[in-house]
file upload20.cif (mmCIF, C-alpha atoms)
data_input
#
loop_
_atom_site.group_PDB
_atom_site.id
_atom_site.type_symbol
_atom_site.label_atom_id
_atom_site.label_comp_id
_atom_site.auth_asym_id
_atom_site.auth_seq_id
_atom_site.Cartn_x
_atom_site.Cartn_y
_atom_site.Cartn_z
ATOM 1 C CA MET A 1 115.091 55.469 31.291
ATOM 2 C CA PRO A 2 113.987 55.807 34.925
ATOM 3 C CA ALA A 3 114.911 58.999 36.750
ATOM 4 C CA ARG A 4 117.985 58.730 38.972
ATOM 5 C CA MET A 5 118.985 61.125 41.677
ATOM 6 C CA SER A 6 120.887 61.297 44.924
ATOM 7 C CA LEU A 7 118.715 62.791 47.659
ATOM 8 C CA THR A 8 118.964 62.674 51.451
ATOM 9 C CA VAL A 9 117.277 64.703 54.180
ATOM 10 C CA ALA A 10 119.328 66.363 56.917
ATOM 11 C CA ASN A 11 118.631 65.496 60.576
ATOM 12 C CA GLN A 12 116.373 62.521 59.867
ATOM 13 C CA GLY A 13 116.856 59.230 61.708
ATOM 14 C CA GLY A 14 115.804 57.010 58.847
ATOM 15 C CA PRO A 15 115.067 57.213 55.159
ATOM 16 C CA VAL A 16 112.028 59.316 54.338
ATOM 17 C CA ILE A 17 112.521 59.434 50.582
ATOM 18 C CA SER A 18 112.364 56.358 48.365
ATOM 19 C CA PRO A 19 115.814 54.790 47.842
ATOM 20 C CA LEU A 20 117.813 55.223 44.639
ATOM 21 C CA PRO A 21 117.173 54.831 41.818
ATOM 22 C CA VAL A 22 113.732 56.376 41.538
ATOM 23 C CA ALA A 23 112.248 53.485 39.607
ATOM 24 C CA GLN A 24 108.613 54.548 39.593
ATOM 25 C CA ASN A 25 107.476 58.096 39.108
ATOM 26 C CA ASP A 26 103.711 58.113 39.573
ATOM 27 C CA THR A 27 103.230 61.885 39.540
ATOM 28 C CA THR A 28 104.282 62.559 35.966
ATOM 29 C CA ALA A 29 104.105 60.876 32.593
ATOM 30 C CA ASP A 30 107.644 62.058 31.761
ATOM 31 C CA PRO A 31 110.088 59.357 32.943
ATOM 32 C CA ASP A 32 113.009 61.842 32.910
ATOM 33 C CA LYS A 33 111.483 63.960 35.696
ATOM 34 C CA ALA A 34 111.879 62.836 39.288
ATOM 35 C CA ALA A 35 109.198 63.671 41.834
ATOM 36 C CA VAL A 36 110.168 64.266 45.467
ATOM 37 C CA GLN A 37 107.623 64.511 48.257
ATOM 38 C CA ILE A 38 109.034 66.217 51.360
ATOM 39 C CA PRO A 39 107.165 64.736 54.338
ATOM 40 C CA ASP A 40 105.656 67.097 56.942
ATOM 41 C CA SER A 41 108.097 65.692 59.520
ATOM 42 C CA CYS A 42 111.023 67.176 57.536
ATOM 43 C CA TRP A 43 109.674 70.737 57.612
ATOM 44 C CA GLU A 44 110.791 72.921 60.528
ATOM 45 C CA PRO A 45 108.629 75.953 61.332
ATOM 46 C CA VAL A 46 111.069 78.890 61.623
ATOM 47 C CA ASP A 47 108.736 81.910 61.677
ATOM 48 C CA PHE A 48 105.145 82.506 62.772
ATOM 49 C CA LEU A 49 102.397 85.007 61.983
ATOM 50 C CA GLU A 50 102.468 87.856 64.475
ATOM 51 C CA GLY A 51 99.241 88.176 66.416
ATOM 52 C CA SER A 52 98.026 84.715 65.392
ATOM 53 C CA ASP A 53 96.463 82.760 68.251
ATOM 54 C CA SER A 54 96.765 79.501 66.312
ATOM 55 C CA GLY A 55 100.572 79.564 66.102
ATOM 56 C CA THR A 56 100.416 79.181 62.322
ATOM 57 C CA PRO A 57 103.904 78.928 60.803
ATOM 58 C CA SER A 58 104.482 81.609 58.164
ATOM 59 C CA GLN A 59 107.825 80.102 57.084
ATOM 60 C CA LEU A 60 109.088 76.522 56.985
ATOM 61 C CA LEU A 61 112.569 75.167 56.330
ATOM 62 C CA ALA A 62 113.800 71.766 55.174
ATOM 63 C CA THR A 63 117.421 70.967 54.333
ATOM 64 C CA LEU A 64 117.906 68.416 51.578
ATOM 65 C CA TYR A 65 121.054 67.257 49.846
ATOM 66 C CA VAL A 66 120.535 66.918 46.106
ATOM 67 C CA ASN A 67 123.443 65.298 44.272
ATOM 68 C CA ALA A 68 125.568 65.994 47.389
ATOM 69 C CA CYS A 69 124.691 69.741 47.325
ATOM 70 C CA PRO A 70 122.972 71.063 50.480
ATOM 71 C CA MET A 71 119.822 73.007 49.621
ATOM 72 C CA HIS A 72 117.473 75.208 51.676
ATOM 73 C CA PHE A 73 113.898 74.329 50.809
ATOM 74 C CA GLU A 74 111.870 77.218 52.179
ATOM 75 C CA ALA A 75 108.096 77.441 52.214
ATOM 76 C CA TYR A 76 105.898 80.469 52.831
ATOM 77 C CA LEU A 77 102.276 80.598 53.965
ATOM 78 C CA VAL A 78 99.936 81.876 51.231
ATOM 79 C CA ASP A 79 96.304 82.935 51.065
ATOM 80 C CA GLY A 80 93.611 81.623 48.710
ATOM 81 C CA GLU A 81 95.015 83.661 45.800
ATOM 82 C CA GLY A 82 98.548 82.306 46.315
ATOM 83 C CA GLU A 83 99.877 85.550 47.824
ATOM 84 C CA VAL A 84 102.383 85.374 50.698
ATOM 85 C CA VAL A 85 100.489 86.181 53.897
ATOM 86 C CA ASP A 86 103.242 87.402 56.219
ATOM 87 C CA PRO A 87 104.408 90.956 55.354
ATOM 88 C CA LYS A 88 107.914 90.041 56.597
ATOM 89 C CA HIS A 89 108.322 87.666 53.633
ATOM 90 C CA GLN A 90 106.389 89.441 50.867
ATOM 91 C CA GLN A 91 109.277 91.602 49.627
ATOM 92 C CA ALA A 92 111.725 88.671 49.522
ATOM 93 C CA ILE A 93 109.338 86.587 47.421
ATOM 94 C CA ARG A 94 108.615 89.565 45.133
ATOM 95 C CA LEU A 95 112.361 89.885 44.528
ATOM 96 C CA VAL A 96 112.712 86.158 43.767
ATOM 97 C CA LYS A 97 109.785 86.299 41.350
ATOM 98 C CA SER A 98 111.257 89.396 39.698
ATOM 99 C CA ALA A 99 114.680 87.761 39.333
ATOM 100 C CA LEU A 100 113.019 84.722 37.754
ATOM 101 C CA ARG A 101 110.832 86.954 35.547
ATOM 102 C CA ASP A 102 107.879 84.980 36.842
ATOM 103 C CA ASP A 103 104.611 86.829 37.388
ATOM 104 C CA GLU A 104 102.385 83.753 37.604
ATOM 105 C CA ALA A 105 101.025 82.288 40.843
ATOM 106 C CA TRP A 106 103.187 79.435 42.097
ATOM 107 C CA THR A 107 101.932 75.937 42.746
ATOM 108 C CA THR A 108 101.210 75.344 46.418
ATOM 109 C CA PHE A 109 101.411 72.345 48.726
ATOM 110 C CA ARG A 110 99.602 71.583 51.955
ATOM 111 C CA TYR A 111 101.334 71.537 55.342
ATOM 112 C CA GLY A 112 98.939 70.984 58.214
ATOM 113 C CA ASP A 113 95.772 72.914 57.387
ATOM 114 C CA ASN A 114 97.446 75.590 55.261
ATOM 115 C CA GLU A 115 98.849 76.158 51.781
ATOM 116 C CA TYR A 116 102.481 77.116 51.178
ATOM 117 C CA VAL A 117 104.690 78.014 48.214
ATOM 118 C CA MET A 118 108.209 76.631 48.113
ATOM 119 C CA ILE A 119 111.573 77.826 46.855
ATOM 120 C CA ALA A 120 114.941 76.024 46.819
ATOM 121 C CA ILE A 121 118.191 77.860 47.443
ATOM 122 C CA PRO A 122 121.668 76.329 47.538
ATOM 123 C CA PHE A 123 123.808 76.738 50.668
ATOM 124 C CA GLY A 124 127.097 78.608 50.357
ATOM 125 C CA ILE A 125 130.197 76.621 49.426
ATOM 126 C CA CYS A 126 131.522 76.589 53.033
ATOM 127 C CA ARG A 127 128.655 74.462 54.377
#
call {"tool": "encode", "arguments": {"input": "upload20.cif", "output": "structure tokens"}}
result
Amino acid sequence: MPARMSLTVANQGGPVISPLPVAQNDTTADPDKAAVQIPDSCWEPVDFLEGSDSGTPSQLLATLYVNACPMHFEAYLVDGEGEVVDPKHQQAIRLVKSALRDDEAWTTFRYGDNEYVMIAIPFGICR
């Protein structure tokens, strides 16, 4: 059975994600898993490395609605070993990893010329 999901991106003029249902899932052999690619245009840089002349974003934010639930998708700049670069965000990610009991390096994705790790957090009920 093909994967089905309801997904829209906040503040986008047109569709940036393939329409429902997700009929073809080229990134995985498991037809019950849906793959979502968040385009660079959906990411908003919200924090930058202090002292960086290049203006490299250390934190990105995208708001997606998954099954009508608003979600923060946050991404953090990492180094070659997958460690969060900006000291302002290191403790927060350590706490998330501890809560998840996850001591492995996370998979990264490329935004611009840099690698980022991503977490998803639901908005509060009042949103």
call {"tool": "closest_residue", "arguments": {"input": "upload20.cif", "among": "A:Gly82, A:Pro122, A:Pro45, A:Gly112", "to": "Tyr65 (chain A)", "atoms": "only C-alpha atoms"}}
result
A:Pro122
call {"tool": "atom_distance", "arguments": {"input": "upload20.cif", "atom1": "CA of Ile93 (chain A)", "atom2": "CA of Leu77 (chain A)"}}
result
11.3 Å
call {"tool": "atom_distance", "arguments": {"input": "upload20.cif", "atom1": "CA of Leu64 (chain A)", "atom2": "CA of Thr108 (chain A)"}}
result
18.8 Å
call {"tool": "closest_residue", "arguments": {"input": "upload20.cif", "among": "A:Val36, A:Thr107, A:Leu100, A:Glu74", "to": "Pro57 (chain A)", "atoms": "only C-alpha atoms"}}
result
A:Glu74
call {"tool": "closest_residue", "arguments": {"input": "upload20.cif", "among": "A:Ile125, A:Ser52, A:Val117, A:Pro87", "to": "Ala105 (chain A)", "atoms": "all atoms listed in the file"}}
result
A:Val117
call {"tool": "atom_distance", "arguments": {"input": "upload20.cif", "atom1": "CA of Leu61 (chain A)", "atom2": "CA of Ala75 (chain A)"}}
result
6.5 Å
call {"tool": "closest_residue", "arguments": {"input": "upload20.cif", "among": "A:Cys69, A:Val84, A:Met118, A:Leu95", "to": "Trp43 (chain A)", "atoms": "only C-alpha atoms"}}
result
A:Met118
call {"tool": "residues_near_point", "arguments": {"input": "upload20.cif", "point": "(103.6, 75.8, 53.6)", "cutoff": "7 Å", "atoms": "all atoms listed in the file", "output": "PyMOL selection string"}}
result
chain A and resi 59-60+75-77+109-111+114-117
call {"tool": "resolve_selection", "arguments": {"input": "upload20.cif", "expression": "the PyMOL selection byres ((chain A and resi 120) around 6)", "output": "ChimeraX atom specification"}}
result
/A:72-73,119,121
